[in-house]
>>> print(open('run_19.cif').read())   # mmCIF, C-alpha atoms (C1' of nucleotides)
data_structure
#
loop_
_atom_site.label_atom_id
_atom_site.label_comp_id
_atom_site.auth_asym_id
_atom_site.auth_seq_id
_atom_site.Cartn_x
_atom_site.Cartn_y
_atom_site.Cartn_z
CA MET A 1 -9.99 -5.66 -11.64
CA ILE A 2 -8.10 -3.25 -9.50
CA THR A 3 -8.77 -2.89 -5.82
CA LEU A 4 -7.17 -0.47 -3.42
CA ASP A 5 -6.56 -0.53 0.30
CA GLU A 6 -6.84 3.00 1.63
CA LYS A 7 -5.50 2.00 5.04
CA SER A 8 -2.34 0.49 3.61
CA ARG A 9 0.98 2.13 4.17
CA ILE A 10 1.67 1.56 0.48
CA PRO A 11 0.77 4.65 -1.59
CA ILE A 12 -2.17 4.35 -3.94
CA TYR A 13 -0.03 4.86 -7.01
CA GLU A 14 2.15 1.91 -5.99
CA GLN A 15 -0.88 -0.22 -5.29
CA ILE A 16 -2.08 0.49 -8.82
CA ILE A 17 1.30 -0.59 -10.17
CA ASN A 18 1.12 -3.84 -8.25
CA GLU A 19 -2.47 -4.46 -9.27
CA VAL A 20 -1.72 -4.00 -12.96
CA LYS A 21 1.17 -6.42 -12.68
CA ARG A 22 -1.02 -8.89 -10.83
CA ASN A 23 -3.70 -8.69 -13.51
CA ILE A 24 -1.12 -9.37 -16.17
CA LEU A 25 0.38 -12.31 -14.31
CA GLN A 26 -3.01 -13.83 -13.68
CA GLY A 27 -3.89 -13.53 -17.33
CA PHE A 28 -6.64 -10.95 -16.92
CA LEU A 29 -4.60 -8.56 -19.00
CA LYS A 30 -2.82 -9.80 -22.09
CA PRO A 31 -0.03 -8.45 -24.30
CA LYS A 32 -1.02 -5.53 -26.56
CA GLU A 33 -4.35 -5.27 -24.81
CA GLN A 34 -5.64 -1.81 -24.04
CA ILE A 35 -6.06 -0.85 -20.42
CA PRO A 36 -8.35 1.87 -19.05
CA SER A 37 -7.43 5.43 -19.87
CA ILE A 38 -5.99 7.58 -17.13
CA ARG A 39 -9.20 9.50 -16.69
CA GLU A 40 -11.39 6.40 -16.84
CA LEU A 41 -9.44 4.45 -14.23
CA ALA A 42 -9.31 7.51 -12.01
CA THR A 43 -13.08 7.79 -12.17
CA THR A 44 -13.55 4.10 -11.51
CA LEU A 45 -11.30 4.14 -8.47
CA GLY A 46 -12.59 7.48 -7.28
CA ILE A 47 -9.18 9.09 -7.28
CA ASN A 48 -7.38 11.86 -9.10
CA PRO A 49 -6.16 11.34 -12.67
CA ASN A 50 -2.72 12.57 -11.69
CA THR A 51 -2.37 9.64 -9.33
CA VAL A 52 -3.13 7.16 -12.10
CA LYS A 53 -0.81 9.06 -14.40
CA LYS A 54 1.99 8.61 -11.88
CA SER A 55 1.39 4.85 -11.80
CA TYR A 56 1.30 4.58 -15.58
CA ALA A 57 4.51 6.57 -15.84
CA VAL A 58 6.30 4.08 -13.61
CA LEU A 59 4.81 1.10 -15.43
CA GLU A 60 5.91 2.53 -18.74
CA ASN A 61 9.36 3.06 -17.37
CA GLN A 62 9.43 -0.61 -16.44
CA ASN A 63 8.41 -1.58 -19.98
CA ILE A 64 5.18 -3.09 -18.77
CA ILE A 65 2.80 -0.74 -20.52
CA GLN A 66 3.11 1.68 -23.37
CA SER A 67 1.18 4.92 -23.68
CA ARG A 68 0.33 6.42 -27.04
CA SER A 69 -0.94 9.93 -27.24
CA THR A 70 -4.54 10.15 -28.32
CA LYS A 71 -4.68 6.37 -28.59
CA GLY A 72 -4.61 5.09 -25.09
CA THR A 73 -2.43 2.82 -23.00
CA PHE A 74 -1.55 -0.74 -23.83
CA ILE A 75 0.17 -3.73 -22.29
CA THR A 76 3.64 -4.30 -23.73
CA SER A 77 4.02 -7.18 -26.13
CA LYS A 78 6.74 -8.82 -24.09
CA ILE A 79 5.77 -9.48 -20.51
CA ASP A 80 7.86 -12.52 -19.68
CA HIS A 81 10.24 -10.57 -17.49
CA ILE A 82 7.45 -9.49 -15.16
CA LEU A 83 6.77 -12.98 -13.87
CA GLU A 84 10.42 -13.65 -13.27
CA GLU A 85 10.93 -10.42 -11.38
CA THR A 86 7.83 -10.86 -9.26
CA VAL A 87 8.72 -14.43 -8.35
CA ASP A 88 12.24 -13.41 -7.48
CA SER A 89 11.11 -10.68 -5.13
CA CYS A 90 8.73 -13.12 -3.49
CA TYR A 91 11.54 -15.56 -2.86
CA ASN A 92 13.75 -12.81 -1.55
CA ARG A 93 11.15 -11.79 1.01
CA ILE A 94 10.73 -15.42 2.08
CA ILE A 95 14.47 -15.91 2.46
CA LYS A 96 14.60 -12.75 4.53
CA GLU A 97 11.92 -14.03 6.89
CA ILE A 98 13.56 -17.42 7.15
CA ASN A 99 16.82 -15.81 8.13
CA GLU A 100 14.98 -13.84 10.76
CA LEU A 101 13.51 -17.05 12.16
CA LYS A 102 16.92 -18.68 12.20
CA ARG A 103 18.31 -15.71 14.08
CA LEU A 104 15.56 -16.29 16.62
CA GLY A 105 16.83 -19.79 17.11
CA ILE A 106 14.41 -21.74 14.95
CA SER A 107 16.03 -24.55 12.98
CA GLU A 108 15.63 -24.81 9.24
CA ARG A 109 14.00 -28.20 9.67
CA ASP A 110 11.37 -26.78 12.00
CA ILE A 111 10.69 -23.93 9.63
CA LEU A 112 10.18 -26.17 6.62
CA GLU A 113 7.95 -28.51 8.58
CA LYS A 114 5.81 -25.69 9.84
CA ILE A 115 5.46 -24.25 6.37
CA GLN A 116 4.38 -27.58 4.90
CA VAL A 117 1.93 -28.32 7.67
CA GLY A 118 0.66 -24.79 7.55
CA GLU A 119 -0.48 -25.29 4.01
CA MET B 1 22.60 -1.77 19.64
CA ILE B 2 19.92 0.08 17.78
CA THR B 3 20.32 1.04 14.17
CA LEU B 4 17.90 3.00 12.05
CA ASP B 5 17.23 3.12 8.35
CA GLU B 6 16.26 6.64 7.40
CA LYS B 7 15.23 5.62 3.93
CA SER B 8 12.83 2.99 5.16
CA ARG B 9 9.12 3.46 4.77
CA ILE B 10 8.77 2.29 8.36
CA PRO B 11 8.61 5.26 10.75
CA ILE B 12 11.55 5.75 13.08
CA TYR B 13 9.48 5.17 16.18
CA GLU B 14 8.40 1.78 14.83
CA GLN B 15 11.96 0.89 13.92
CA ILE B 16 12.96 1.59 17.50
CA ILE B 17 10.20 -0.71 18.74
CA ASN B 18 11.41 -3.49 16.46
CA GLU B 19 15.02 -2.95 17.42
CA VAL B 20 14.30 -3.17 21.14
CA LYS B 21 12.39 -6.40 20.57
CA ARG B 22 15.22 -7.76 18.47
CA ASN B 23 17.77 -6.96 21.16
CA ILE B 24 15.67 -8.75 23.74
CA LEU B 25 15.19 -11.80 21.56
CA GLN B 26 18.86 -12.01 20.75
CA GLY B 27 19.74 -11.82 24.43
CA PHE B 28 21.42 -8.43 24.30
CA LEU B 29 18.79 -7.10 26.66
CA LYS B 30 17.65 -9.21 29.58
CA PRO B 31 14.66 -9.11 31.93
CA LYS B 32 14.69 -6.30 34.51
CA GLU B 33 17.68 -4.74 32.79
CA GLN B 34 17.70 -0.97 32.40
CA ILE B 35 17.63 0.44 28.91
CA PRO B 36 18.81 3.91 27.82
CA SER B 37 16.78 6.85 29.03
CA ILE B 38 14.59 8.63 26.54
CA ARG B 39 16.96 11.58 26.30
CA GLU B 40 20.05 9.41 26.11
CA LEU B 41 18.77 7.20 23.31
CA ALA B 42 17.55 10.24 21.43
CA THR B 43 21.00 11.77 21.63
CA THR B 44 22.66 8.54 20.56
CA LEU B 45 20.41 8.15 17.55
CA GLY B 46 20.44 11.83 16.71
CA ILE B 47 16.70 12.15 16.89
CA ASN B 48 14.14 13.95 18.97
CA PRO B 49 13.32 12.69 22.48
CA ASN B 50 9.64 12.80 21.65
CA THR B 51 10.17 10.15 19.01
CA VAL B 52 11.85 7.82 21.50
CA LYS B 53 9.12 8.58 24.02
CA LYS B 54 6.55 7.46 21.48
CA SER B 55 8.36 4.16 20.97
CA TYR B 56 8.70 3.55 24.70
CA ALA B 57 5.01 4.28 25.21
CA VAL B 58 4.08 1.58 22.70
CA LEU B 59 6.55 -0.89 24.17
CA GLU B 60 5.19 -0.25 27.65
CA ASN B 61 1.70 -0.78 26.34
CA GLN B 62 2.83 -4.15 25.00
CA ASN B 63 4.24 -5.09 28.41
CA ILE B 64 7.74 -5.27 27.03
CA ILE B 65 9.27 -2.45 29.03
CA GLN B 66 8.27 -0.58 32.15
CA SER B 67 9.04 3.07 32.83
CA ARG B 68 9.47 4.40 36.35
CA SER B 69 9.50 8.10 36.99
CA THR B 70 12.87 9.42 38.04
CA LYS B 71 14.29 5.88 37.86
CA GLY B 72 14.47 5.01 34.22
CA THR B 73 13.07 2.38 31.89
CA PHE B 74 13.48 -1.34 32.34
CA ILE B 75 12.80 -4.56 30.47
CA THR B 76 9.80 -6.42 31.82
CA SER B 77 10.49 -9.54 33.89
CA LYS B 78 8.38 -11.76 31.64
CA ILE B 79 9.37 -11.66 28.00
CA ASP B 80 8.41 -15.13 26.82
CA HIS B 81 5.42 -13.88 24.85
CA ILE B 82 7.60 -11.68 22.66
CA LEU B 83 9.36 -14.57 20.97
CA GLU B 84 6.12 -16.36 20.27
CA GLU B 85 4.49 -13.30 18.76
CA THR B 86 7.50 -12.46 16.64
CA VAL B 87 7.84 -15.97 15.30
CA ASP B 88 4.14 -16.12 14.51
CA SER B 89 4.24 -12.92 12.51
CA CYS B 90 7.28 -14.21 10.62
CA TYR B 91 5.42 -17.37 9.66
CA ASN B 92 2.38 -15.39 8.65
CA ARG B 93 4.42 -13.27 6.27
CA ILE B 94 6.03 -16.39 4.80
CA ILE B 95 2.66 -18.07 4.28
CA LYS B 96 1.44 -14.92 2.59
CA GLU B 97 4.35 -14.94 0.15
CA ILE B 98 3.95 -18.64 -0.54
CA ASN B 99 0.31 -18.12 -1.40
CA GLU B 100 1.35 -15.34 -3.74
CA LEU B 101 3.79 -17.70 -5.47
CA LYS B 102 1.11 -20.35 -5.78
CA ARG B 103 -1.22 -17.82 -7.33
CA LEU B 104 1.53 -17.15 -9.85
CA GLY B 105 1.50 -20.80 -10.78
CA ILE B 106 4.46 -22.07 -8.78
CA SER B 107 3.90 -25.47 -7.20
CA GLU B 108 4.44 -26.00 -3.49
CA ARG B 109 7.08 -28.58 -4.26
CA ASP B 110 9.05 -26.10 -6.36
CA ILE B 111 8.77 -23.47 -3.67
CA LEU B 112 10.05 -25.74 -0.92
CA GLU B 113 12.90 -26.97 -3.08
CA LYS B 114 13.96 -23.46 -3.96
CA ILE B 115 13.86 -22.39 -0.35
CA GLN B 116 16.01 -25.32 0.74
CA VAL B 117 18.52 -24.89 -2.04
CA GLY B 118 18.55 -21.15 -1.52
CA GLU B 119 19.86 -21.60 2.00
"C1'" DT C 1 -17.03 20.02 -34.76
"C1'" DA C 2 -17.08 17.71 -30.36
"C1'" DG C 3 -15.22 14.37 -27.53
"C1'" DT C 4 -11.34 11.62 -25.92
"C1'" DT C 5 -6.56 10.56 -25.55
"C1'" DG C 6 -1.88 11.26 -23.27
"C1'" DT C 7 1.16 14.92 -21.72
"C1'" DG C 8 2.91 18.66 -19.04
"C1'" DC C 9 2.81 21.95 -15.68
"C1'" DT C 10 1.92 24.60 -11.24
"C1'" DA C 11 -0.41 25.25 -7.03
"C1'" DT C 12 -2.74 23.54 -3.25
"C1'" DT C 13 -4.45 20.41 0.22
"C1'" DA C 14 -4.06 16.68 3.54
"C1'" DC C 15 -1.87 13.86 6.62
"C1'" DA C 16 1.45 11.73 9.60
"C1'" DA C 17 6.05 11.76 11.22
"C1'" DA C 18 9.25 14.22 13.39
"C1'" DT C 19 11.01 18.21 15.67
"C1'" DA C 20 11.21 22.14 18.93
"C1'" DG C 21 10.40 23.89 23.18
"C1'" DT C 22 8.76 24.31 27.74
"C1'" DA C 23 7.40 22.85 32.26
"C1'" DC C 24 6.74 19.76 36.20
"C1'" DA C 25 7.64 16.39 40.09
"C1'" DA C 26 10.59 13.07 42.09
"C1'" DA C 27 14.81 10.58 43.00
"C1'" DG C 28 19.70 10.52 43.95
"C1'" DG C 29 24.33 12.09 44.46
"C1'" DA C 30 27.77 15.72 45.77
"C1'" DT D 1 20.86 22.25 49.94
"C1'" DC D 2 21.99 22.28 45.10
"C1'" DC D 3 22.47 20.07 40.80
"C1'" DT D 4 21.54 16.54 37.61
"C1'" DT D 5 18.75 13.05 35.69
"C1'" DT D 6 14.60 10.64 35.28
"C1'" DG D 7 9.82 10.09 33.12
"C1'" DT D 8 5.76 12.73 32.01
"C1'" DA D 9 2.82 16.01 29.70
"C1'" DC D 10 1.62 19.41 26.67
"C1'" DT D 11 1.40 22.63 22.52
"C1'" DA D 12 3.19 24.44 18.34
"C1'" DT D 13 5.82 24.01 14.34
"C1'" DT D 14 8.29 21.96 10.61
"C1'" DT D 15 8.89 18.59 7.12
"C1'" DG D 16 8.08 15.34 3.50
"C1'" DT D 17 5.16 12.91 0.60
"C1'" DA D 18 0.89 11.56 -1.26
"C1'" DA D 19 -2.90 13.16 -3.34
"C1'" DT D 20 -5.85 16.58 -5.27
"C1'" DA D 21 -7.25 20.50 -8.19
"C1'" DG D 22 -7.09 22.81 -12.29
"C1'" DC D 23 -5.54 24.32 -16.50
"C1'" DA D 24 -3.68 24.02 -21.28
"C1'" DC D 25 -1.99 21.68 -25.41
"C1'" DA D 26 -1.70 18.58 -29.57
"C1'" DA D 27 -3.50 14.73 -31.94
"C1'" DC D 28 -6.77 11.25 -33.14
"C1'" DT D 29 -11.61 9.91 -34.26
"C1'" DA D 30 -16.48 9.61 -35.02
#
>>> encode(input="run_19.cif", output="structure tokens")
Amino acid sequence: MITLDEKSRIPIYEQIINEVKRNILQGFLKPKEQIPSIRELATTLGINPNTVKKSYAVLENQNIIQSRSTKGTFITSKIDHILEETVDSCYNRIIKEINELKRLGISERDILEKIQVGE
Amino acid sequence: MITLDEKSRIPIYEQIINEVKRNILQGFLKPKEQIPSIRELATTLGINPNTVKKSYAVLENQNIIQSRSTKGTFITSKIDHILEETVDSCYNRIIKEINELKRLGISERDILEKIQVGE
DNA sequence: TAGTTGTGCTATTACAAATAGTACAAAGGA
DNA sequence: TCCTTTGTACTATTTGTAATAGCACAACTA
């Protein structure tokens, strides 16, 4: 299921990209499985087909999906790299925030405690 | 010192807001201290005065700076709240990323270990 | 044959950021 | 007094990107 946030600063076409990846990683979409056609997804989301096309083009470029003329669009058979990349970028953003906190004078110990308690 | 990232998705006027806050938090700008005039900062950064004005308007609205006609613009005397708010938003972003990692199947223990080792 | 698929292309719209330009009043220094 | 600098206020324009609109084509399929 793909949901969009119109108010977000992130463009719709990027949101679609992220949502497709999320669906794959959560197991809702599996390798070789067919995903909605450009026109169908556009109708579902109430947006223009060109916007979906743009998302699919990027996803294909990242070897996450594969489009076949007159057939449809399918998840790539090998999706292992997606998880790794997504996790890495998550960690990178966390590290970035931690460094920011350190710069503000918060000790690493305090940060880790707060994170644990906060869960 | 204020630096801008033209390529960033964050608008210039927001970057200025963040930079002013950062300078305060790092002690480069102190309470009641005068900051560059709208025109001066605009010249320094090579941008339009209206853009700086927009940033200053937001900062004044957040009680971080105070503008006085014909005098200039000054840091507010009370800036304690800024640190708290900034730290809170940092933690919130970290929590958000951690939840994302959990959703991807990473255990909290693994996350915390990775963060510690990564530092 | 009719419908659906992805593809490719151009033109247009929509929106927010940023710029350009002008004008004003008030303070302060020469 | 004169000049400069300050913040303020306002409108108009430019710019860049996202998104839309619309069309045409080839190929597959029921």
>>> closest_atom_pairs(input="run_19.cif", of="chain D", to="chain A", cutoff="10 Å", atoms="all atoms listed in the file", output="Markdown table")
| residue | atom | partner | partner_atom | distance |
| --- | --- | --- | --- | --- |
| D:DT17 | C1' | A:Pro11 | CA | 9.6 |
| D:DA18 | C1' | A:Pro11 | CA | 6.9 |
| D:DA19 | C1' | A:Thr51 | CA | 7.0 |
| D:DT20 | C1' | A:Asn48 | CA | 6.3 |
| D:DA21 | C1' | A:Asn48 | CA | 8.7 |
| D:DA26 | C1' | A:Thr70 | CA | 9.0 |
| D:DA27 | C1' | A:Thr70 | CA | 5.9 |
| D:DC28 | C1' | A:Thr70 | CA | 5.4 |
| D:DT29 | C1' | A:Thr70 | CA | 9.2 |
>>> interface_residues(input="run_19.cif", of="chain A", to="chain C", cutoff="10 Å", atoms="all atoms listed in the file", output="VMD selection string")
chain A and resid 37 to 39 53 67 to 73
>>> interface_residues(input="run_19.cif", of="chain A", to="chain B", cutoff="7 Å", atoms="all atoms listed in the file", output="list in words")
Leu25, Gln26, Val87, Cys90, Ile94, Glu97, Leu101 and Leu104 of chain A
>>> resolve_selection(input="run_19.cif", expression="the PyMOL selection byres ((chain A and resi 65) around 6)", output="count of residues only")
8
>>> atom_distance(input="run_19.cif", atom1="CA of Ile2 (chain B)", atom2="C1' of DT13 (chain D)")
28.0 Å
>>> atom_distance(input="run_19.cif", atom1="CA of Val58 (chain B)", atom2="CA of Ile17 (chain B)")
7.6 Å
>>> atom_distance(input="run_19.cif", atom1="CA of Asn23 (chain B)", atom2="CA of Ala57 (chain B)")
17.5 Å
>>> closest_residue(input="run_19.cif", among="B:Leu45, B:Thr3, B:Val52, B:Ile24", to="His81 (chain B)", atoms="only C-alpha atoms")
B:Ile24
>>> residues_around(input="run_19.cif", residues="Met1 (chain B)", least_positions_apart="3", cutoff="9 Å", atoms="all atoms listed in the file", output="PyMOL selection string")
chain B and resi 19-20+23+28
>>> build_atoms(input="run_19.cif", residues="region 41-61 of chain B", atoms="N, CA and C atoms", output="PDB file, in the coordinates of the input")
ATOM      1  N   LEU B  41      18.918   7.905  24.585  1.00  0.00           N
ATOM      2  CA  LEU B  41      18.770   7.200  23.310  1.00  0.00           C
ATOM      3  C   LEU B  41      18.554   8.187  22.167  1.00  0.00           C
ATOM      4  N   ALA B  42      17.795   9.222  22.456  1.00  0.00           N
ATOM      5  CA  ALA B  42      17.550  10.240  21.430  1.00  0.00           C
ATOM      6  C   ALA B  42      18.860  10.887  20.992  1.00  0.00           C
ATOM      7  N   THR B  43      19.696  11.172  21.952  1.00  0.00           N
ATOM      8  CA  THR B  43      21.000  11.770  21.630  1.00  0.00           C
ATOM      9  C   THR B  43      21.851  10.808  20.812  1.00  0.00           C
ATOM     10  N   THR B  44      21.878   9.552  21.272  1.00  0.00           N
ATOM     11  CA  THR B  44      22.660   8.540  20.560  1.00  0.00           C
ATOM     12  C   THR B  44      22.239   8.403  19.111  1.00  0.00           C
ATOM     13  N   LEU B  45      20.926   8.370  18.898  1.00  0.00           N
ATOM     14  CA  LEU B  45      20.410   8.150  17.550  1.00  0.00           C
ATOM     15  C   LEU B  45      20.319   9.441  16.745  1.00  0.00           C
ATOM     16  N   GLY B  46      20.527  10.556  17.414  1.00  0.00           N
ATOM     17  CA  GLY B  46      20.440  11.830  16.710  1.00  0.00           C
ATOM     18  C   GLY B  46      19.045  12.211  16.322  1.00  0.00           C
ATOM     19  N   ILE B  47      18.094  11.816  17.154  1.00  0.00           N
ATOM     20  CA  ILE B  47      16.700  12.150  16.890  1.00  0.00           C
ATOM     21  C   ILE B  47      16.086  12.859  18.084  1.00  0.00           C
ATOM     22  N   ASN B  48      14.821  13.200  17.936  1.00  0.00           N
ATOM     23  CA  ASN B  48      14.140  13.950  18.970  1.00  0.00           C
ATOM     24  C   ASN B  48      13.655  13.042  20.101  1.00  0.00           C
ATOM     25  N   PRO B  49      13.782  13.507  21.341  1.00  0.00           N
ATOM     26  CA  PRO B  49      13.320  12.690  22.480  1.00  0.00           C
ATOM     27  C   PRO B  49      11.856  12.271  22.366  1.00  0.00           C
ATOM     28  N   ASN B  50      11.060  13.138  21.776  1.00  0.00           N
ATOM     29  CA  ASN B  50       9.640  12.800  21.650  1.00  0.00           C
ATOM     30  C   ASN B  50       9.421  11.544  20.821  1.00  0.00           C
ATOM     31  N   THR B  51      10.280  11.338  19.853  1.00  0.00           N
ATOM     32  CA  THR B  51      10.170  10.150  19.010  1.00  0.00           C
ATOM     33  C   THR B  51      10.461   8.891  19.824  1.00  0.00           C
ATOM     34  N   VAL B  52      11.516   8.962  20.643  1.00  0.00           N
ATOM     35  CA  VAL B  52      11.850   7.820  21.500  1.00  0.00           C
ATOM     36  C   VAL B  52      10.722   7.582  22.501  1.00  0.00           C
ATOM     37  N   LYS B  53      10.230   8.689  23.056  1.00  0.00           N
ATOM     38  CA  LYS B  53       9.120   8.580  24.020  1.00  0.00           C
ATOM     39  C   LYS B  53       7.947   7.812  23.420  1.00  0.00           C
ATOM     40  N   LYS B  54       7.665   8.119  22.159  1.00  0.00           N
ATOM     41  CA  LYS B  54       6.550   7.460  21.480  1.00  0.00           C
ATOM     42  C   LYS B  54       6.789   5.953  21.392  1.00  0.00           C
ATOM     43  N   SER B  55       8.012   5.578  21.057  1.00  0.00           N
ATOM     44  CA  SER B  55       8.360   4.160  20.970  1.00  0.00           C
ATOM     45  C   SER B  55       8.208   3.485  22.327  1.00  0.00           C
ATOM     46  N   TYR B  56       8.753   4.123  23.353  1.00  0.00           N
ATOM     47  CA  TYR B  56       8.700   3.550  24.700  1.00  0.00           C
ATOM     48  C   TYR B  56       7.257   3.403  25.173  1.00  0.00           C
ATOM     49  N   ALA B  57       6.424   4.348  24.803  1.00  0.00           N
ATOM     50  CA  ALA B  57       5.010   4.280  25.210  1.00  0.00           C
ATOM     51  C   ALA B  57       4.353   3.041  24.622  1.00  0.00           C
ATOM     52  N   VAL B  58       4.654   2.768  23.349  1.00  0.00           N
ATOM     53  CA  VAL B  58       4.080   1.580  22.700  1.00  0.00           C
ATOM     54  C   VAL B  58       4.615   0.310  23.344  1.00  0.00           C
ATOM     55  N   LEU B  59       5.924   0.290  23.570  1.00  0.00           N
ATOM     56  CA  LEU B  59       6.550  -0.890  24.170  1.00  0.00           C
ATOM     57  C   LEU B  59       5.999  -1.147  25.575  1.00  0.00           C
ATOM     58  N   GLU B  60       5.754  -0.077  26.306  1.00  0.00           N
ATOM     59  CA  GLU B  60       5.190  -0.250  27.650  1.00  0.00           C
ATOM     60  C   GLU B  60       3.763  -0.784  27.544  1.00  0.00           C
ATOM     61  N   ASN B  61       3.065  -0.316  26.558  1.00  0.00           N
ATOM     62  CA  ASN B  61       1.700  -0.780  26.340  1.00  0.00           C
ATOM     63  C   ASN B  61       1.656  -2.259  25.967  1.00  0.00           C
TER      64      ASN B  61
END
